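The structure appears below as structure tokens.
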Amino acid sequence: MSKHKLIIFDTTMRDGEQSPGASMTRDEKLRIARALERMRVDVIEAGFPAASNGDFEAVRAIAGVVRDSTVAGLCRANDRDIQRGIDALKGARSWRVHTFIATSPIHMEKKLRMSPEQVLEQAKLAVRYARNACPDVEFSPEDGSRSEIDFLCRVLEAVIDEGATTINIPDTVGYAVPQQFGELIRGLRSRIPNSDKAVWSVHCHNDLGMAVANSLAAVMIGGARQIECTINGLGERAGNASLEEIVMAVRTRKDFFGVETRLDATQIVPTSRLVSQITGFTVQPNKAVVGANAFAHASGIHQDGVLKARQTYEIMTAEDVGWTTNRIVLGKLSGRNAFRQRLKEIGVELESEDAYNKAFQRFKDLADKKTEIFDEDLLALVAQEAGISSDEHWKLVTMSQASGMGERPHAAVVLKENGAEKHAESQGDGPVDATFKAIEAIAKSGADLLLYSVNAVTQGTESQGEVTVRLGRGGRIVNGVGADTDIIVASAKAYIGALNKLESKIERLNPQHQL
Ligand code: KIV
Ligand code: ZN
């Protein structure tokens, strides 16, 4: 590996999926994996295969299709988890087992209830087991930034001896600060005699808003050559270091960082949108690189400067990261081939002929309501298509609602459950409230509505509304996303999407919360 190459390890589908409500289906994960591969991410952490059968199948499916990126799976440091990982990953052209165990005093004593010697032994056994099956093994000492340095050195030296090829230092709770974290990596590399036999990596959480800064300090000060990150900074609690910020920082400031990635940055915005649409985690407008305002020059002085010379206020261009100007791409008269061709151009590949046919039908329905169809509309449409599985429990058949000033809004909905149509009506404080109450009168889910948000997919009043609904029940949190030119219909679709996820009863383990 070139000394100057920075490996980008994406963990959107593993750590990102650990955010409450961000769980993804196998097909959704496949779409994200394809987008990451298209972006030329070096390593894609596809999931935690021992978490559930669903996660195992998703990792196996991704391992089966990705050709140009290494596919990794996270495994706790025990034979069962690692064997599950090996079984899920072994079909990949290039694969990596990522195993971890906590090494900080508080995690070892309170969570693992293990002595440091036991942790050391378990770490060695895990890496040995993984190395017997796979030449590419990554080891992470969880809560590394709060571990005692002498103990950390012993563990890391031992696992490198066992054959670990990447050593990843997690700042699990987002406690690190840049200078100190960079020096920690430098210190470990200089104190551990066999440190040059492994690639050094970091994995930073954003609890104090320093995940990106800490990761970059590890590169600059510590000599780390892999960064673990996620699209849109998704991840546990406040999230992980954001991939788009890392990639554009080292690219824009190559003069300073002196490292480069192999990423195709023009895929950043489409991938960000895809992840946001699939998970229902919207991107704040002022988010660096991928926020809607990231390249908007609102003030007169800035606009004037940009018109005279772009570089006055722009350090990178919108096109560099894949923003396309809102372009009318298709309309009512566009045919199947034009639709398919445009999907290809924006990097969307559907699983089957049937999926193309269904998506085309939805496109025609949309074109009946909306004269100008933009790329963003197509992305919203296919994201929804992929989120609808044929065995979904609840289907929206039809709905209507009436509201007016001084009148109490009223909604009527018809849902289908196992082929049988069910009808309910309700009043509510507003049309959305009335619609949700009518749906609940049928579904009786008993779930709490934790979040309701609406975004316009494109500009103007003709835009589709994209709604996210987050429901919680018995400690489980799920998100549903719906898009339509009618925001009440979009709301109903989102609510029903979330209900269907609750019905799917997939129970997943969180690798870091349970043993
Ligand atoms: O934050 C963390 O410590 C992790 C590890 C499992 C890498 O996600
Ligand atoms: Zn993490």
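Going through the structure tokens in order, the chains are called A, B, and so on, while each chain numbers its residues from 1 and the ligands are numbered from 1 in the order shown.
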Within 12 Å of ligand 2 (counting only C-alpha atoms and all ligand atoms), which residues show up? I'd like them as a PyMOL selection string. chain A and resi 10-19+45+74+100+102+140-144+168-174+202-207+211+227-230+233-241+510-513
Determine, counting only C-alpha atoms, which protein, DNA and RNA residues have an atom within 8 Å of an atom of Leu449 in chain A; residues of the same chain fewer than 5 positions away are not included. Present the result as a list in words.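 Result of the neighbour search: Val469, Arg470, Leu471 and Gly472 of chain A.
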Polymer residues at most 9 Å from Ile185 in chain A, only C-alpha atoms, same-chain spacing of 4 or more positions, as a list in words: Ile169, Gln180, Phe181, Arg189, Ser190, Trp200, Ser201, Val202, Ala218, Val219, Ile221, Gly222, Gly223 and Ala224 of chain A
Selection from above, N, CA and C atoms, as a tab-separated table (two decimals), in the first residue's frame, can you write it?
```tsv
chain	number	residue	atom	x	y	z
A	169	ILE	N	-8.52	1.71	16.24
A	169	ILE	CA	-8.71	2.25	17.60
A	169	ILE	C	-10.02	3.04	17.65
A	180	GLN	N	-4.80	14.99	21.46
A	180	GLN	CA	-4.54	13.84	22.34
A	180	GLN	C	-4.76	12.51	21.59
A	181	PHE	N	-5.81	12.46	20.77
A	181	PHE	CA	-6.12	11.22	20.06
A	181	PHE	C	-5.03	10.93	19.02
A	189	ARG	N	1.79	3.29	17.94
A	189	ARG	CA	2.60	2.81	16.81
A	189	ARG	C	4.08	2.78	17.17
A	190	SER	N	4.51	3.75	17.98
A	190	SER	CA	5.96	3.75	18.27
A	190	SER	C	6.30	2.77	19.40
A	200	TRP	N	-2.97	0.96	10.49
A	200	TRP	CA	-3.61	1.57	11.65
A	200	TRP	C	-4.83	2.37	11.22
A	201	SER	N	-5.88	2.15	11.98
A	201	SER	CA	-7.19	2.71	11.61
A	201	SER	C	-7.82	3.38	12.82
A	202	VAL	N	-8.78	4.26	12.58
A	202	VAL	CA	-9.52	4.88	13.70
A	202	VAL	C	-11.02	4.86	13.40
A	218	ALA	N	-5.73	11.80	13.80
A	218	ALA	CA	-5.08	10.48	13.85
A	218	ALA	C	-4.26	10.24	12.58
A	219	VAL	N	-4.73	10.78	11.47
A	219	VAL	CA	-3.98	10.65	10.21
A	219	VAL	C	-2.73	11.52	10.27
A	221	ILE	N	-1.22	13.32	12.90
A	221	ILE	CA	-0.27	13.20	14.01
A	221	ILE	C	0.14	11.74	14.20
A	222	GLY	N	-0.88	10.84	14.06
A	222	GLY	CA	-0.62	9.45	14.43
A	222	GLY	C	-0.19	8.56	13.28
A	223	GLY	N	-0.39	9.00	12.06
A	223	GLY	CA	-0.02	8.14	10.92
A	223	GLY	C	-1.06	7.08	10.60
A	224	ALA	N	-2.29	7.26	11.05
A	224	ALA	CA	-3.34	6.29	10.71
A	224	ALA	C	-3.55	6.32	9.20
```
Please report, as an MDAnalysis selection string, each residue of range 277-491 of chain A to which DSSP assigns alpha helix (DSSP H) when run on this structure's backbone. chainID A and resid 277:279 300:308 336:345 353:369 375:387 431:443 487:491
Residues near Val43 in chain A, cut-off 10 Å, only C-alpha atoms, skip fewer than 4 positions along chain, as a ChimeraX atom specification: /A:7-11,36-37,68-72,94-96,226,228
Could you work out how far CA of Ser504 in chain A lies from CA of Arg76 in chain A, giving the answer in Å with one decimal?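 Here the two named atoms are 25.6 Å from each other.
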